[in-house]
Structure formats: C-alpha cells, structure tokens
file coords-v7.pdb (PDB, C-alpha atoms)
ATOM      1  CA  THR D   4       9.553  -2.860  -2.898  1.00  0.00           C
ATOM      2  CA  VAL D   5       6.644  -4.724  -1.297  1.00  0.00           C
ATOM      3  CA  GLY D   6       3.908  -3.946   1.199  1.00  0.00           C
ATOM      4  CA  ILE D   7       2.109  -0.626   1.142  1.00  0.00           C
ATOM      5  CA  LEU D   8       3.737   1.790  -1.336  1.00  0.00           C
ATOM      6  CA  VAL D   9       2.861   5.385  -2.245  1.00  0.00           C
ATOM      7  CA  GLY D  10       3.140   7.438  -5.407  1.00  0.00           C
ATOM      8  CA  SER D  11       2.528  10.839  -6.914  1.00  0.00           C
ATOM      9  CA  GLY D  12       0.802   9.632 -10.100  1.00  0.00           C
ATOM     10  CA  THR D  13      -2.535  11.178 -10.976  1.00  0.00           C
ATOM     11  CA  ASP D  14      -3.761   8.758 -13.666  1.00  0.00           C
ATOM     12  CA  ALA D  15      -7.157   7.163 -13.080  1.00  0.00           C
ATOM     13  CA  GLU D  16      -7.388   3.607 -11.777  1.00  0.00           C
ATOM     14  CA  SER D  17      -7.408   0.850 -14.387  1.00  0.00           C
ATOM     15  CA  PHE D  18      -7.716  -2.931 -14.357  1.00  0.00           C
ATOM     16  CA  GLU D  19      -4.575  -2.863 -16.514  1.00  0.00           C
ATOM     17  CA  ASP D  20      -2.471  -1.329 -13.696  1.00  0.00           C
ATOM     18  CA  TYR D  21       0.524  -3.428 -12.695  1.00  0.00           C
ATOM     19  CA  ALA D  22       2.473  -0.796 -10.729  1.00  0.00           C
ATOM     20  CA  LEU D  23       2.162   2.653  -9.236  1.00  0.00           C
ATOM     21  CA  HIS D  24       2.171   5.267 -11.981  1.00  0.00           C
ATOM     22  CA  ALA D  25       4.849   7.357 -10.238  1.00  0.00           C
ATOM     23  CA  LYS D  26       6.263   5.631  -7.138  1.00  0.00           C
ATOM     24  CA  ILE D  27       7.744   7.994  -4.569  1.00  0.00           C
ATOM     25  CA  ALA D  28      11.333   6.895  -3.932  1.00  0.00           C
ATOM     26  CA  ASN D  29      12.596   5.874  -0.497  1.00  0.00           C
ATOM     27  CA  GLY D  30      15.006   8.484   0.855  1.00  0.00           C
ATOM     28  CA  VAL D  31      15.490  12.007   2.175  1.00  0.00           C
ATOM     29  CA  ALA D  32      16.163  13.909  -1.061  1.00  0.00           C
ATOM     30  CA  ALA D  33      13.644  16.298  -2.610  1.00  0.00           C
ATOM     31  CA  GLY D  34      10.357  14.554  -3.429  1.00  0.00           C
ATOM     32  CA  GLN D  35      11.231  11.404  -1.452  1.00  0.00           C
ATOM     33  CA  LEU D  36       9.743   9.770   1.651  1.00  0.00           C
ATOM     34  CA  THR D  37      11.395   7.392   4.112  1.00  0.00           C
ATOM     35  CA  TYR D  38       9.553   4.050   3.984  1.00  0.00           C
ATOM     36  CA  VAL D  39       9.330   2.671   7.526  1.00  0.00           C
ATOM     37  CA  GLN D  40       9.209  -1.124   7.853  1.00  0.00           C
ATOM     38  CA  SER D  41       5.600  -2.332   7.762  1.00  0.00           C
ATOM     39  CA  ASN D  42       3.924  -3.187  11.050  1.00  0.00           C
ATOM     40  CA  PRO D  43       3.168  -6.882  11.615  1.00  0.00           C
ATOM     41  CA  HIS D  44      -0.161  -7.933  10.103  1.00  0.00           C
ATOM     42  CA  SER D  45      -3.101  -7.774  12.471  1.00  0.00           C
ATOM     43  CA  VAL D  46      -5.317 -10.760  11.665  1.00  0.00           C
ATOM     44  CA  SER D  47      -8.681 -11.396  13.302  1.00  0.00           C
ATOM     45  CA  TYR D  48     -11.656 -13.669  12.695  1.00  0.00           C
ATOM     46  CA  ASN D  49     -15.277 -13.022  13.699  1.00  0.00           C
ATOM     47  CA  ASP D  50     -17.093 -16.326  14.355  1.00  0.00           C
ATOM     48  CA  VAL D  51     -20.533 -14.708  14.075  1.00  0.00           C
ATOM     49  CA  THR D  52     -20.080 -12.937  10.719  1.00  0.00           C
ATOM     50  CA  ARG D  53     -17.448 -15.450   9.448  1.00  0.00           C
ATOM     51  CA  VAL D  54     -15.194 -12.565   8.344  1.00  0.00           C
ATOM     52  CA  LEU D  55     -11.409 -12.842   8.378  1.00  0.00           C
ATOM     53  CA  THR D  56      -9.764  -9.407   8.559  1.00  0.00           C
ATOM     54  CA  ASN D  57      -6.107  -8.699   7.772  1.00  0.00           C
ATOM     55  CA  THR D  58      -5.028  -5.136   8.599  1.00  0.00           C
ATOM     56  CA  LEU D  59      -1.740  -3.809   7.198  1.00  0.00           C
ATOM     57  CA  VAL D  60      -0.144  -0.529   8.332  1.00  0.00           C
ATOM     58  CA  ARG D  61       2.924   1.369   7.115  1.00  0.00           C
ATOM     59  CA  TYR D  62       4.319   4.787   7.994  1.00  0.00           C
ATOM     60  CA  PHE D  63       6.139   7.180   5.675  1.00  0.00           C
ATOM     61  CA  ASN D  64       8.329  10.000   7.049  1.00  0.00           C
ATOM     62  CA  ASN D  65       9.097  13.175   5.142  1.00  0.00           C
ATOM     63  CA  ASN D  66      12.608  14.476   5.817  1.00  0.00           C
ATOM     64  CA  SER D  67      13.097  15.908   2.326  1.00  0.00           C
ATOM     65  CA  GLY D  68      13.089  19.589   3.257  1.00  0.00           C
ATOM     66  CA  ALA D  69       9.765  20.346   1.516  1.00  0.00           C
ATOM     67  CA  GLY D  70       6.229  18.998   1.168  1.00  0.00           C
ATOM     68  CA  VAL D  71       5.692  15.752  -0.776  1.00  0.00           C
ATOM     69  CA  ASP D  72       2.412  15.127  -2.631  1.00  0.00           C
ATOM     70  CA  VAL D  73       0.821  11.655  -2.450  1.00  0.00           C
ATOM     71  CA  ASN D  74      -1.915  10.807  -4.976  1.00  0.00           C
ATOM     72  CA  GLU D  75      -1.895   6.986  -5.115  1.00  0.00           C
ATOM     73  CA  VAL D  76      -1.440   4.085  -2.713  1.00  0.00           C
ATOM     74  CA  ALA D  77      -0.738   0.463  -3.593  1.00  0.00           C
ATOM     75  CA  LEU D  78      -0.511  -2.937  -1.971  1.00  0.00           C
ATOM     76  CA  VAL D  79       2.295  -5.014  -3.487  1.00  0.00           C
ATOM     77  CA  VAL D  80       3.085  -8.601  -2.474  1.00  0.00           C
ATOM     78  CA  TRP D  81       5.935 -10.983  -3.189  1.00  0.00           C
ATOM     79  CA  GLY D  82       4.957 -14.284  -4.753  1.00  0.00           C
ATOM     80  CA  ILE D  83       6.006 -17.249  -6.824  1.00  0.00           C
ATOM     81  CA  VAL D  84       4.154 -18.242  -9.996  1.00  0.00           C
ATOM     82  CA  GLY D  85       5.562 -21.382 -11.551  1.00  0.00           C
ATOM     83  CA  ASN D  86       9.330 -20.919 -11.474  1.00  0.00           C
ATOM     84  CA  TRP D  87       9.158 -17.105 -11.329  1.00  0.00           C
ATOM     85  CA  ALA D  88       9.470 -15.124  -8.108  1.00  0.00           C
ATOM     86  CA  ASN D  89       8.397 -11.522  -8.413  1.00  0.00           C
ATOM     87  CA  SER D  90       6.440  -8.696  -6.809  1.00  0.00           C
ATOM     88  CA  TYR D  91       2.779  -8.350  -7.795  1.00  0.00           C
ATOM     89  CA  LEU D  92       0.385  -5.410  -7.556  1.00  0.00           C
ATOM     90  CA  MET D  93      -2.687  -6.469  -5.589  1.00  0.00           C
ATOM     91  CA  SER D  94      -4.329  -3.051  -5.444  1.00  0.00           C
ATOM     92  CA  ARG D  95      -3.669   0.487  -6.693  1.00  0.00           C
ATOM     93  CA  ASP D  96      -5.923   3.186  -5.323  1.00  0.00           C
ATOM     94  CA  LYS D  97      -6.052   6.728  -6.687  1.00  0.00           C
ATOM     95  CA  LEU D  98      -6.825   9.127  -3.835  1.00  0.00           C
ATOM     96  CA  ASP D  99      -9.799  11.489  -4.204  1.00  0.00           C
ATOM     97  CA  SER D 100      -7.532  14.438  -3.470  1.00  0.00           C
ATOM     98  CA  THR D 101      -3.824  15.036  -3.043  1.00  0.00           C
ATOM     99  CA  ILE D 102      -2.341  14.571   0.426  1.00  0.00           C
ATOM    100  CA  THR D 103       0.666  16.820   0.991  1.00  0.00           C
ATOM    101  CA  ILE D 104       3.042  15.502   3.655  1.00  0.00           C
ATOM    102  CA  PRO D 105       4.803  18.549   5.134  1.00  0.00           C
ATOM    103  CA  ASN D 106       8.533  18.475   5.845  1.00  0.00           C
ATOM    104  CA  THR D 107       9.131  16.461   9.075  1.00  0.00           C
ATOM    105  CA  GLY D 108       5.556  15.127   8.727  1.00  0.00           C
ATOM    106  CA  MET D 109       4.398  11.511   8.685  1.00  0.00           C
ATOM    107  CA  LEU D 110       1.799   9.603   6.664  1.00  0.00           C
ATOM    108  CA  LYS D 111       0.085   6.497   8.039  1.00  0.00           C
ATOM    109  CA  ALA D 112      -1.371   4.229   5.339  1.00  0.00           C
ATOM    110  CA  THR D 113      -3.705   1.363   6.269  1.00  0.00           C
ATOM    111  CA  TYR D 114      -5.140  -1.433   4.135  1.00  0.00           C
ATOM    112  CA  LYS D 115      -7.897  -3.605   5.575  1.00  0.00           C
ATOM    113  CA  VAL D 116      -8.455  -6.803   3.591  1.00  0.00           C
ATOM    114  CA  GLU D 117     -11.571  -8.796   4.485  1.00  0.00           C
ATOM    115  CA  LEU D 118     -12.650 -12.258   3.416  1.00  0.00           C
ATOM    116  CA  THR D 119     -16.174 -13.489   4.169  1.00  0.00           C
ATOM    117  CA  TYR D 120     -16.497 -17.262   4.425  1.00  0.00           C
ATOM    118  CA  PRO D 121     -19.694 -19.003   3.266  1.00  0.00           C
ATOM    119  CA  ALA D 122     -22.044 -20.654   5.744  1.00  0.00           C
TER     120      ALA D 122
END
call {"tool": "encode", "arguments": {"input": "coords-v7.pdb", "output": "structure tokens"}}
result
Amino acid sequence: TVGILVGSGTDAESFEDYALHAKIANGVAAGQLTYVQSNPHSVSYNDVTRVLTNTLVRYFNNNSGAGVDVNEVALVVWGIVGNWANSYLMSRDKLDSTITIPNTGMLKATYKVELTYPA
C-alpha cells in the first residue's frame, strides 16, 4: 500500500490527485502484478553541488497469464498528521505511453528524489 505503486488509469495528471486512478492489484490473477518488496533507499549527498539524492526502486512481476498494461506510477508514503496515521500520495505520474508487461515479464520502476541545499 506504500512505496512505488502502479496503475492502469489513463486520466491526465492533476494537482487534485490523491491516489492512482486505477491501481493494479497485487496478485497473480488476470490483470494483476506481484508487488516485490521495495529495495532499500539509496541515499547520497554531493558536497560540491549540495544535492541530496534518494533513489527508490521496486520490481513488479507478471504471473497473471497475459499481458498487463501500466499507464501510471505513484509514490505513496506512510505518515502521521496530528493524530491521524495514513498513506499519502507524494507523486502520481501518467506515462507518455502504455507499457505492457508480458506474462512472466518484470517491470522495474525507479523514483529519484533530489533536494538541493542553499549555499
């Protein structure tokens, strides 16, 4: 439910988005992908450019028996606001074109988050 998630929704991106438009379920049934546990974050800092980089990677396996179309990718985090703990959409990206994951195929999704510190 958190980390990098994928969906089949084709709606345009919007600042009002709070979830994937059509999340692809975790599993091996028709239209589903197996969500592999996310890799540990790879964090680096460049002293010269003062850029902190956090790279997140997740794999998705297709064992559904047919191709699965991916049209959107999201980064969802778990957080606490006040007394409420919940998952929060940090980014939803509509892909330029559909990626079809063939049966027994794998998708690797990567998010690179960079923060530039002031001088």
call {"tool": "residues_around", "arguments": {"input": "coords-v7.pdb", "residues": "region 49-58 of chain D", "least_positions_apart": "6", "cutoff": "10 Å", "atoms": "only C-alpha atoms", "output": "ChimeraX atom specification"}}
result
/D:42-43,113-122
call {"tool": "residues_near_point", "arguments": {"input": "coords-v7.pdb", "point": "(10.9, -2.0, -7.3)", "cutoff": "9 Å", "atoms": "all atoms listed in the file", "output": "VMD selection string"}}
result
chain D and resid 4 to 5 26 90
call {"tool": "atom_distance", "arguments": {"input": "coords-v7.pdb", "atom1": "CA of Leu110 (chain D)", "atom2": "CA of Arg95 (chain D)"}}
result
17.1 Å
call {"tool": "resolve_selection", "arguments": {"input": "coords-v7.pdb", "expression": "the PyMOL selection byres ((chain D and resi 29-40) around 6)", "output": "PDB file with C-alpha atoms, keeping the file's coordinate frame"}}
result
ATOM      1  CA  ILE D  27       7.744   7.994  -4.569  1.00  0.00           C
ATOM      2  CA  ALA D  28      11.333   6.895  -3.932  1.00  0.00           C
ATOM      3  CA  SER D  41       5.600  -2.332   7.762  1.00  0.00           C
ATOM      4  CA  TYR D  62       4.319   4.787   7.994  1.00  0.00           C
ATOM      5  CA  PHE D  63       6.139   7.180   5.675  1.00  0.00           C
ATOM      6  CA  ASN D  64       8.329  10.000   7.049  1.00  0.00           C
ATOM      7  CA  ASN D  65       9.097  13.175   5.142  1.00  0.00           C
ATOM      8  CA  ASN D  66      12.608  14.476   5.817  1.00  0.00           C
ATOM      9  CA  SER D  67      13.097  15.908   2.326  1.00  0.00           C
ATOM     10  CA  VAL D  71       5.692  15.752  -0.776  1.00  0.00           C
TER      11      VAL D  71
END
call {"tool": "closest_residue", "arguments": {"input": "coords-v7.pdb", "among": "D:Leu78, D:Asp99, D:Ala88, D:Ala112", "to": "Asp20 (chain D)", "atoms": "all atoms listed in the file"}}
result
D:Leu78
call {"tool": "axis_aligned_box", "arguments": {"input": "coords-v7.pdb", "around": "region 90-96 of chain D", "padding_each_side": "6 Å", "output": "JSON"}}
result
{"center_x": 0.3, "center_y": -2.8, "center_z": -6.6, "size_x": 24.4, "size_y": 23.9, "size_z": 14.5}
call {"tool": "residues_around", "arguments": {"input": "coords-v7.pdb", "residues": "Thr103 (chain D)", "least_positions_apart": "4", "cutoff": "10 Å", "atoms": "all atoms listed in the file", "output": "PDB file with C-alpha atoms, in the frame of the given file"}}
result
ATOM      1  CA  ALA D  69       9.765  20.346   1.516  1.00  0.00           C
ATOM      2  CA  GLY D  70       6.229  18.998   1.168  1.00  0.00           C
ATOM      3  CA  VAL D  71       5.692  15.752  -0.776  1.00  0.00           C
ATOM      4  CA  ASP D  72       2.412  15.127  -2.631  1.00  0.00           C
ATOM      5  CA  VAL D  73       0.821  11.655  -2.450  1.00  0.00           C
ATOM      6  CA  ASN D  74      -1.915  10.807  -4.976  1.00  0.00           C
ATOM      7  CA  GLY D 108       5.556  15.127   8.727  1.00  0.00           C
ATOM      8  CA  LEU D 110       1.799   9.603   6.664  1.00  0.00           C
TER       9      LEU D 110
END
call {"tool": "atom_distance", "arguments": {"input": "coords-v7.pdb", "atom1": "CA of Ser94 (chain D)", "atom2": "CA of Ala77 (chain D)"}}
result
5.4 Å
call {"tool": "atom_distance", "arguments": {"input": "coords-v7.pdb", "atom1": "CA of Met109 (chain D)", "atom2": "CA of Asp96 (chain D)"}}
result
19.3 Å
call {"tool": "resolve_selection", "arguments": {"input": "coords-v7.pdb", "expression": "the PyMOL selection byres ((chain D and resi 24) around 9)", "output": "list in words"}}
result
Gly10, Ser11, Gly12, Thr13, Asp14, Asp20, Tyr21, Ala22, Leu23, Ala25, Lys26 and Glu75 of chain D
call {"tool": "closest_residue", "arguments": {"input": "coords-v7.pdb", "among": "D:Ile104, D:Ala15, D:Leu98, D:Leu92", "to": "Val79 (chain D)", "atoms": "all atoms listed in the file"}}
result
D:Leu92
call {"tool": "closest_residue", "arguments": {"input": "coords-v7.pdb", "among": "D:Leu59, D:Val80, D:Ile102, D:Ile7", "to": "Ser47 (chain D)", "atoms": "all atoms listed in the file"}}
result
D:Leu59
call {"tool": "closest_residue", "arguments": {"input": "coords-v7.pdb", "among": "D:Pro105, D:Gly68, D:Trp81, D:Val9", "to": "Met93 (chain D)", "atoms": "only C-alpha atoms"}}
result
D:Trp81
